[in-house]
Each structure stands twice: as C-alpha cells, then as structure tokens.
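J.: Shown below is the structure under consideration.
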Amino acid sequence: MAGVEVRLPAARERLAQSLPRGAGEGGRDLVAPGDTITTDPGYMRGHGTYMGNEKLVASVAGVVDRVNKLVCVKALKTRYNGEVGDIVVGRITEVQQKRWKVETNSRLDSVLLLSSMNLPGGELRRRSAEDELAMRDYLQEGDLISAEVQAVFSDGAVSLHTRSLKYGKLGQGVLVQVSPSLVKRQKTHFHDLPCGASVILGNNGFIWIYPTPEQKDEEAGGFVTNLEPVPLPDREVISRLRNCIVALVAQKLTLYDTSILYCYEASLSHQIKDLLKAEVMEEVVLQTRQRLLELEG
C-alpha cells in the first residue's frame with residue numbers, strides 16, 4: 001500500500017510579526033474601509049477616498065499613496081485599471097470585425113484592432129479585405145498574447161497594440177494569475193532569468209513563464225509559435241518558478257525579477273511539489289524577504 005502523508009496544523013509565528021510594519025511598502029499606511037486618513041482640509045481627494053464629516057476617509061482596503069497634496073488609496077486586491085504604456089498578457093475571447101476582444105483581468109474586455117498589430121513578416125502596409133478575412137489565421141479564440149496599452153477609453157476599456165516584434169502570440173509556457181497590485185512597475189517586464197526560463201510580468205496580473213528561446217525569431221512577426229516538446233529540465237525549472245510565484249503571492253510579496261530569482265534560489269533545497277506546502281512557503285519567502293532587505297541596505 002502506498003504511503004500516506006498526514007500533516008497536522010501547527011501554531012506558527014506569522015511572518016508579518018517578524019518584520020516592521022510597512023517594511024515592504026516604504027513605511028506607507030495600510031487602511032481599511034471607513035478609516036480616517038487625515039483631517040487636514042488642505043489635501044485633495046483621490047481614488048479610493050471620500051469626504052465625510054470634514055475628514056478624508058478610505059473607501060477601499062489598501063495602501064495610502066500621497067503625491068504632494070493628492071491622497072489616493074491603492075486597493076490590495078482589485079481588477080486591472082489600464083494605463084498607457086503598460087505591458088499586459090491577455091487571452092483572445094472573440095474575433096470581431098477588424099478587431100479582437102481580449103481578456104486582460106480588467107472590468108471590460110480590451111480591444112486589439114487589426115490596424116494596431118504587425119502583419120506576419122513585419123511588413124508595413126494598409127490592411128486589406130484579405131487581411132480581415134484571414135484574422136482567425138493570425139489570432140483565434142483561446143490564444144494568449146503579449147501587448148502594450150495604447151489608449152484607455154472614458155469607460156475604462158483598454159485599447160492594445162502589438163506593433164513591436166517583442167509582442168505577439170505566446171507559445172508554450174505556463175500562465176499564473178495574480179492580483180495586479182502585487183506586480184511591481186519597472187522599465188521592462190520581459191526578463192530572461194539565469195535559471196534557464198523567461199517571464200513576462202504583465203501589469204494586469206497575468207504572468208507568463210516560458211523556456212528561454214535559443215534565438216529570437218524576428219522574421220515571423222510574432223505569429224509562428226514553437227510547438228516542439230519542451231525538455232524535462234526546462235519543464236522542471238518552469239514548474240519551480242510557477243510554485244515560487246504562488247508562494248510569493250500567498251505571502252503578499254511584490255513580484256519583480258529580483259524577488260522571483262531570490263525565491264527560486266531559496267527553493268532549490270526543496271522538491272518542486274513541496275513548495276505548495278504552507279510551512280515550506282513561509283520558510284522560502286522569509287529567506288527571500290531577508291535577502292531583499294539586505295539588498296536594500
């Protein structure tokens with residue numbers, strides 16, 4: 001008979017108690033709905049706040065963000081609110097006339113226009129009726145893409161573009177969905193990690209992990225995907241990275257290339273499947289926190 005592992009819950013010290021409050025957020029305040037942020041009438045009301053009894057009150061649970069006299073509350077768990085220039089990972093949900101509908105973890109479906117993408121081969125010309133008929137050959141329902149936010153409409157819907165050759169259809173890999181508030185904004189969100197895999201950290205909370213390509217295929221224009229079997233060592237690296245990201249999310253640690261790499265290195269002493277156990281998650285993420293604090297000095 002196969003062995004059965006029985007795990008009983010044990011009282012463990014919470015990680016939040018071992019670090020000073022706000023250590024990961026630069027000392028900013030955490031508020032709950034209804035908490036008074038300030039009674040100073042000189043501050044302006046931003047997103048996530050309202051005025052009540054001449055006090056500025058939080059309407060969502062999150063982190064208080066002050067920019068000069070403007071006070072906002074960034075929600076800890078929210079849908080994606082698009083900003084121009086954001087890098088997103090999305091899934092095609094519908095093919096329409098001269099456009100695709102894309103699911104990007106936002107309140108409304110995003111739009112990718114036929115005129116806002118590269119044609120196969122990267123050729124530059126006006127889109128014709130033949131291109132419109134061949135739209136499903138380029139992208140169809142269920143395909144994953146990486147794109148950049150081109151515009152945000154008044155109702156909050158997002159318009160995307162894939163005019164650069166680094167964007168386009170995604171091939172083989174693993175998609176991890178997290179809260180957008182946990183993804184750190186950086187200059188680049190495409191990272192080739194030294195462990196042998198690459199990640200795309202979408203600002204919308206969709207993270208794509210895939211094997212690092214040996215050579216960049218610039219001629220395909222982002223439409224030809226490599227469907228050859230992925231070697232076992234690459235699959236193990238991708239699986240370990242995926243479980244590391246799940247552990248970081250469970251402990252509410254900000255996701256960026258350094259934190260993911262430190263967590264990966266801290267997890268090498270454990271089996272990949274063990275990273276999903278709560279006590280192993282806490283141990284690995286605590287080591288990652290300590291290395292990040294040492295790096296910040």
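We label chains A, B, ... in the order they appear in the structure tokens, count residues from 1 in each chain, and number ligands from 1 in the order shown.
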Write out, as CSV, each residue of segment 15-104 of chain A that has an atom at most 7 Å from segment 131-150 of chain A, together with the closest pair of atoms and their distance in Å to one decimal, counting only C-alpha atoms, rows going by chain and rising number.
T.:
```
residue,atom,partner,partner_atom,distance
A:Glu83,CA,A:Val149,CA,6.7
A:Val84,CA,A:Val149,CA,5.1
A:Gly85,CA,A:Val149,CA,5.2
A:Asp86,CA,A:Val149,CA,5.3
A:Ile87,CA,A:Glu148,CA,4.7
A:Val88,CA,A:Ala147,CA,5.5
A:Val89,CA,A:Ser146,CA,4.5
A:Gly90,CA,A:Ile145,CA,5.5
A:Arg91,CA,A:Leu144,CA,4.5
A:Ile92,CA,A:Glu141,CA,5.0
A:Thr93,CA,A:Glu141,CA,5.1
A:Glu94,CA,A:Glu141,CA,5.8
A:Val95,CA,A:Gln140,CA,6.8
A:Lys98,CA,A:Glu132,CA,6.1
```
J.: Residues as selected, C-alpha atoms, written as an mmCIF file, in the first residue's frame, can you do that?
T.:
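Writing the result to selection.cif gives the following:
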```cif
data_model
loop_
_atom_site.group_PDB
_atom_site.id
_atom_site.type_symbol
_atom_site.label_atom_id
_atom_site.label_comp_id
_atom_site.auth_asym_id
_atom_site.auth_seq_id
_atom_site.Cartn_x
_atom_site.Cartn_y
_atom_site.Cartn_z
ATOM 1 C CA GLU A 83 -2.552 52.908 -18.008
ATOM 2 C CA VAL A 84 -0.930 53.889 -21.304
ATOM 3 C CA GLY A 85 2.382 52.070 -21.767
ATOM 4 C CA ASP A 86 1.553 49.096 -19.542
ATOM 5 C CA ILE A 87 2.701 45.641 -20.655
ATOM 6 C CA VAL A 88 -0.150 43.114 -20.460
ATOM 7 C CA VAL A 89 -0.682 39.418 -21.136
ATOM 8 C CA GLY A 90 -4.178 38.575 -22.368
ATOM 9 C CA ARG A 91 -6.314 35.852 -23.911
ATOM 10 C CA ILE A 92 -8.332 36.278 -27.106
ATOM 11 C CA THR A 93 -12.036 35.792 -26.326
ATOM 12 C CA GLU A 94 -13.733 36.874 -29.565
ATOM 13 C CA VAL A 95 -12.922 37.717 -33.188
ATOM 14 C CA LYS A 98 -11.381 44.421 -37.772
#
```
J.: Going by DSSP on the backbone, which bits of segment 8-244 of chain A are alpha helix (DSSP H)? Write them as number ranges by chain, please.
T.: A: 15-18, 129-133, 135-138, 232-244
J.: Could you write those residues out with N, CA and C atoms, as an mmCIF file, in the first residue's frame?
T.:
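Ended up saving to part-v5.cif:
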```
data_model
loop_
_atom_site.group_PDB
_atom_site.id
_atom_site.type_symbol
_atom_site.label_atom_id
_atom_site.label_comp_id
_atom_site.auth_asym_id
_atom_site.auth_seq_id
_atom_site.Cartn_x
_atom_site.Cartn_y
_atom_site.Cartn_z
ATOM 1 N N LEU A 15 4.662 35.732 9.606
ATOM 2 C CA LEU A 15 5.797 36.457 9.052
ATOM 3 C C LEU A 15 5.663 37.951 9.281
ATOM 4 N N ALA A 16 4.412 38.446 9.265
ATOM 5 C CA ALA A 16 4.213 39.891 9.413
ATOM 6 C C ALA A 16 4.729 40.387 10.754
ATOM 7 N N GLN A 17 4.787 39.501 11.770
ATOM 8 C CA GLN A 17 5.247 39.930 13.081
ATOM 9 C C GLN A 17 6.761 40.000 13.160
ATOM 10 N N SER A 18 7.453 39.311 12.254
ATOM 11 C CA SER A 18 8.905 39.299 12.305
ATOM 12 C C SER A 18 9.518 40.466 11.565
ATOM 13 N N ALA A 129 -9.032 43.819 -47.337
ATOM 14 C CA ALA A 129 -10.124 42.893 -47.050
ATOM 15 C C ALA A 129 -9.597 41.472 -46.859
ATOM 16 N N GLU A 130 -8.510 41.140 -47.574
ATOM 17 C CA GLU A 130 -7.925 39.805 -47.403
ATOM 18 C C GLU A 130 -7.381 39.629 -45.981
ATOM 19 N N ASP A 131 -6.784 40.691 -45.441
ATOM 20 C CA ASP A 131 -6.291 40.606 -44.061
ATOM 21 C C ASP A 131 -7.444 40.399 -43.086
ATOM 22 N N GLU A 132 -8.571 41.063 -43.341
ATOM 23 C CA GLU A 132 -9.725 40.937 -42.453
ATOM 24 C C GLU A 132 -10.282 39.509 -42.496
ATOM 25 N N LEU A 133 -10.270 38.904 -43.673
ATOM 26 C CA LEU A 133 -10.754 37.529 -43.793
ATOM 27 C C LEU A 133 -9.794 36.534 -43.130
ATOM 28 N N MET A 135 -8.100 37.043 -40.371
ATOM 29 C CA MET A 135 -7.848 37.389 -38.965
ATOM 30 C C MET A 135 -7.749 36.160 -38.071
ATOM 31 N N ARG A 136 -8.581 35.158 -38.335
ATOM 32 C CA ARG A 136 -8.568 33.965 -37.491
ATOM 33 C C ARG A 136 -7.321 33.120 -37.735
ATOM 34 N N ASP A 137 -6.644 33.349 -38.870
ATOM 35 C CA ASP A 137 -5.368 32.666 -39.091
ATOM 36 C C ASP A 137 -4.266 33.287 -38.249
ATOM 37 N N TYR A 138 -4.385 34.597 -37.981
ATOM 38 C CA TYR A 138 -3.394 35.277 -37.140
ATOM 39 C C TYR A 138 -3.613 34.928 -35.665
ATOM 40 N N LEU A 232 12.602 17.975 -20.334
ATOM 41 C CA LEU A 232 12.222 17.810 -18.925
ATOM 42 C C LEU A 232 12.915 18.821 -18.000
ATOM 43 N N PRO A 233 14.239 19.085 -18.138
ATOM 44 C CA PRO A 233 14.856 20.081 -17.231
ATOM 45 C C PRO A 233 14.197 21.459 -17.336
ATOM 46 N N ASP A 234 13.831 21.879 -18.550
ATOM 47 C CA ASP A 234 13.159 23.173 -18.720
ATOM 48 C C ASP A 234 11.778 23.154 -18.056
ATOM 49 N N ARG A 235 11.066 22.026 -18.178
ATOM 50 C CA ARG A 235 9.743 21.931 -17.553
ATOM 51 C C ARG A 235 9.857 22.003 -16.037
ATOM 52 N N GLU A 236 10.913 21.383 -15.487
ATOM 53 C CA GLU A 236 11.096 21.428 -14.036
ATOM 54 C C GLU A 236 11.398 22.852 -13.568
ATOM 55 N N VAL A 237 12.226 23.586 -14.341
ATOM 56 C CA VAL A 237 12.538 24.976 -13.981
ATOM 57 C C VAL A 237 11.274 25.821 -14.026
ATOM 58 N N ILE A 238 10.455 25.639 -15.063
ATOM 59 C CA ILE A 238 9.214 26.415 -15.191
ATOM 60 C C ILE A 238 8.265 26.080 -14.042
ATOM 61 N N SER A 239 8.156 24.778 -13.696
ATOM 62 C CA SER A 239 7.269 24.380 -12.599
ATOM 63 C C SER A 239 7.737 24.966 -11.274
ATOM 64 N N ARG A 240 9.055 24.975 -11.046
ATOM 65 C CA ARG A 240 9.586 25.539 -9.804
ATOM 66 C C ARG A 240 9.319 27.046 -9.745
ATOM 67 N N LEU A 241 9.517 27.740 -10.867
ATOM 68 C CA LEU A 241 9.245 29.179 -10.911
ATOM 69 C C LEU A 241 7.770 29.454 -10.641
ATOM 70 N N ARG A 242 6.913 28.630 -11.210
ATOM 71 C CA ARG A 242 5.475 28.819 -11.007
ATOM 72 C C ARG A 242 5.121 28.672 -9.528
ATOM 73 N N ASN A 243 5.655 27.628 -8.871
ATOM 74 C CA ASN A 243 5.357 27.421 -7.458
ATOM 75 C C ASN A 243 5.973 28.517 -6.594
ATOM 76 N N CYS A 244 7.134 29.058 -7.002
ATOM 77 C CA CYS A 244 7.743 30.174 -6.269
ATOM 78 C C CYS A 244 6.856 31.408 -6.345
#
```
J.: Between atom CA of Lys77 of chain A and atom CA of Ser154 of chain A, what is the distance in Å, rounded to a tenth?
T.: 22.5 Å
J.: Hey, which of A:Arg7, A:Leu113, A:Gly202, A:Trp100 ends up closest to Glu279 of chain A? Count only C-alpha atoms.
T.: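 When distances to Glu279 of chain A are compared using only C-alpha atoms, the smallest one comes from A:Arg7.
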J.: Step one, run DSSP on the backbone; step two, keep only residues of segment 27-93 of chain A assigned to strand (DSSP E); then write them as a VMD selection string.
T.: chain A and resid 30 to 31 36 to 38 44 to 45 49 to 52 55 to 58 62 to 67 70 to 75 87 to 93
J.: Kindly give the distance, in Å, that separates atom CA of Ile260 of chain A and atom CA of Thr288 of chain A, rounded to a single decimal.
T.: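 Distance reported for this atom pair: 8.6 Å.
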J.: Rank nothing, just name the residue among A:Gln96, A:Met117, A:Leu76, A:Gln186 nearest to Lys252 of chain A, using only C-alpha atoms.
T.: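 Using only C-alpha atoms, the shortest distance to Lys252 of chain A belongs to A:Leu76.
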J.: Can you work out the spacing between atom CA of Asp65 of chain A and atom CA of Phe153 of chain A in Å, to one decimal?
T.: 24.2 Å
J.: Can you tell me which residues surround Gly205 of chain A at a distance of at most 10 Å, considering only C-alpha atoms, apart from same-chain residues fewer than 4 positions away, and format the answer as a list in words?
T.: Arg79, Tyr80, Val88, Val89, Gly90, Thr104, Asn105, Ser106, Val176, Gln177, Val178, Ser179, Pro180, Ser181, Leu182, Val183, Leu201 and Leu255 of chain A
J.: Can you tell me which residues surround Cys195 of chain A at a distance of at most 9 Å, considering only C-alpha atoms, apart from same-chain residues fewer than 6 positions away, and format the answer as a list of chain:residue names?
T.: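 My list of contacting residues is A:Val237, A:Leu261, A:Tyr264, A:Glu265.
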J.: Okay, now the selection with all heavy atoms, as a PDB file, in the first residue's frame?
T.:
```
ATOM      1  N   VAL A 237      12.226  23.586 -14.341  1.00  0.00           N
ATOM      2  CA  VAL A 237      12.538  24.976 -13.981  1.00  0.00           C
ATOM      3  C   VAL A 237      11.274  25.821 -14.026  1.00  0.00           C
ATOM      4  O   VAL A 237      11.004  26.635 -13.114  1.00  0.00           O
ATOM      5  CB  VAL A 237      13.615  25.542 -14.930  1.00  0.00           C
ATOM      6  CG1 VAL A 237      13.743  27.056 -14.745  1.00  0.00           C
ATOM      7  CG2 VAL A 237      14.961  24.877 -14.673  1.00  0.00           C
ATOM      8  N   LEU A 261      13.760  35.632  -8.602  1.00  0.00           N
ATOM      9  CA  LEU A 261      15.029  34.911  -8.676  1.00  0.00           C
ATOM     10  C   LEU A 261      15.526  34.509  -7.287  1.00  0.00           C
ATOM     11  O   LEU A 261      15.984  33.373  -7.083  1.00  0.00           O
ATOM     12  CB  LEU A 261      16.077  35.784  -9.380  1.00  0.00           C
ATOM     13  CG  LEU A 261      17.426  35.128  -9.648  1.00  0.00           C
ATOM     14  CD1 LEU A 261      17.268  33.879 -10.512  1.00  0.00           C
ATOM     15  CD2 LEU A 261      18.390  36.109 -10.295  1.00  0.00           C
ATOM     16  N   TYR A 264      13.483  31.612  -6.142  1.00  0.00           N
ATOM     17  CA  TYR A 264      13.884  30.396  -6.864  1.00  0.00           C
ATOM     18  C   TYR A 264      15.147  29.796  -6.225  1.00  0.00           C
ATOM     19  O   TYR A 264      15.222  28.587  -5.984  1.00  0.00           O
ATOM     20  CB  TYR A 264      14.123  30.727  -8.332  1.00  0.00           C
ATOM     21  CG  TYR A 264      14.606  29.558  -9.167  1.00  0.00           C
ATOM     22  CD1 TYR A 264      13.706  28.684  -9.765  1.00  0.00           C
ATOM     23  CD2 TYR A 264      15.966  29.322  -9.351  1.00  0.00           C
ATOM     24  CE1 TYR A 264      14.150  27.602 -10.523  1.00  0.00           C
ATOM     25  CE2 TYR A 264      16.418  28.253 -10.093  1.00  0.00           C
ATOM     26  CZ  TYR A 264      15.498  27.397 -10.678  1.00  0.00           C
ATOM     27  OH  TYR A 264      15.936  26.330 -11.422  1.00  0.00           O
ATOM     28  N   GLU A 265      16.130  30.660  -5.929  1.00  0.00           N
ATOM     29  CA  GLU A 265      17.376  30.162  -5.342  1.00  0.00           C
ATOM     30  C   GLU A 265      17.137  29.603  -3.933  1.00  0.00           C
ATOM     31  O   GLU A 265      17.752  28.606  -3.547  1.00  0.00           O
ATOM     32  CB  GLU A 265      18.411  31.289  -5.306  1.00  0.00           C
ATOM     33  CG  GLU A 265      18.880  31.700  -6.704  1.00  0.00           C
ATOM     34  CD  GLU A 265      19.750  32.951  -6.680  1.00  0.00           C
ATOM     35  OE1 GLU A 265      19.884  33.564  -5.593  1.00  0.00           O
ATOM     36  OE2 GLU A 265      20.275  33.315  -7.751  1.00  0.00           O
TER      37      GLU A 265
END
```
J.: I'd like the neighbourhood of Val67 of chain A as a PyMOL selection string, where a residue qualifies if any of its atoms comes within 12 Å (using only C-alpha atoms), though same-chain residues fewer than 6 positions away should be ignored.
T.: chain A and resi 43-46+73
J.: Choose the residue, out of A:Leu112, A:Ala75, A:Leu165, A:Cys263, that has the smallest atom-to-atom separation from Val60 of chain A; count only C-alpha atoms.
T.: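 Of all the options, A:Ala75 lies closest to Val60 of chain A.
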J.: Contacts of Phe190 of chain A at 8 Å or less, counting only C-alpha atoms, minus same-chain residues fewer than 5 places along, as a list of chain:residue names?
T.: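 Here the qualifying residues turn out to be A:Ser198, A:Val199, A:Ile200, A:Leu201.
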J.: Residues near Gly171 of chain A, anyone? I mean within 12 Å using only C-alpha atoms, not counting same-chain ones fewer than 5 positions away, as a list of chain:residue names.
T.: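 The contact residues come out as A:Gly142, A:Asp143, A:Leu144, A:Ile145, A:Ser146, A:Trp208, A:Ile209, A:Tyr210, A:Pro211, A:Thr212, A:Pro213, A:Gly222, A:Phe223, A:Val224, A:Thr225, A:Asn226, A:Leu227, A:Glu228, A:Pro229, A:Val230.
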J.: Okay, now the selection with C-alpha atoms, as a PDB file, in the first residue's frame?
T.:
```pdb
ATOM      1  CA  GLY A 142      -8.051  30.980 -26.724  1.00  0.00           C
ATOM      2  CA  ASP A 143      -4.708  32.315 -27.993  1.00  0.00           C
ATOM      3  CA  LEU A 144      -2.508  34.110 -25.473  1.00  0.00           C
ATOM      4  CA  ILE A 145      -0.784  37.339 -26.497  1.00  0.00           C
ATOM      5  CA  SER A 146       1.546  39.923 -25.008  1.00  0.00           C
ATOM      6  CA  TRP A 208       3.728  34.101 -18.428  1.00  0.00           C
ATOM      7  CA  ILE A 209       6.613  31.678 -17.761  1.00  0.00           C
ATOM      8  CA  TYR A 210       8.249  30.054 -20.784  1.00  0.00           C
ATOM      9  CA  PRO A 211      11.557  28.416 -21.783  1.00  0.00           C
ATOM     10  CA  THR A 212      14.139  30.962 -22.922  1.00  0.00           C
ATOM     11  CA  PRO A 213      14.364  30.740 -26.733  1.00  0.00           C
ATOM     12  CA  GLY A 222       5.124  37.232 -33.539  1.00  0.00           C
ATOM     13  CA  PHE A 223       2.747  34.693 -35.125  1.00  0.00           C
ATOM     14  CA  VAL A 224       4.739  31.465 -35.556  1.00  0.00           C
ATOM     15  CA  THR A 225       4.886  29.522 -32.285  1.00  0.00           C
ATOM     16  CA  ASN A 226       7.339  26.743 -31.486  1.00  0.00           C
ATOM     17  CA  LEU A 227       5.351  23.593 -30.665  1.00  0.00           C
ATOM     18  CA  GLU A 228       8.284  21.208 -30.239  1.00  0.00           C
ATOM     19  CA  PRO A 229       8.324  19.209 -26.965  1.00  0.00           C
ATOM     20  CA  VAL A 230       9.947  21.096 -24.082  1.00  0.00           C
TER      21      VAL A 230
END
```
J.: Looking at only C-alpha atoms, which of A:Ser159, A:Ser259, A:Asn118, A:Thr36 is the one that sits closest to Gln290 of chain A?
T.: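 That would be A:Ser259, the residue with the smallest distance to Gln290 of chain A.
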J.: Find, counting only C-alpha atoms, the residue in A:Val102, A:Thr162, A:Glu296, A:Gly62 that gets nearest to Ser115 of chain A.
T.: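 With only C-alpha atoms as the atom set, the closest residue is A:Thr162.
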J.: Nearest residue to Leu170 of chain A out of A:Val249, A:Val64, A:Val152, A:Ile207, using only C-alpha atoms?
T.: A:Ile207
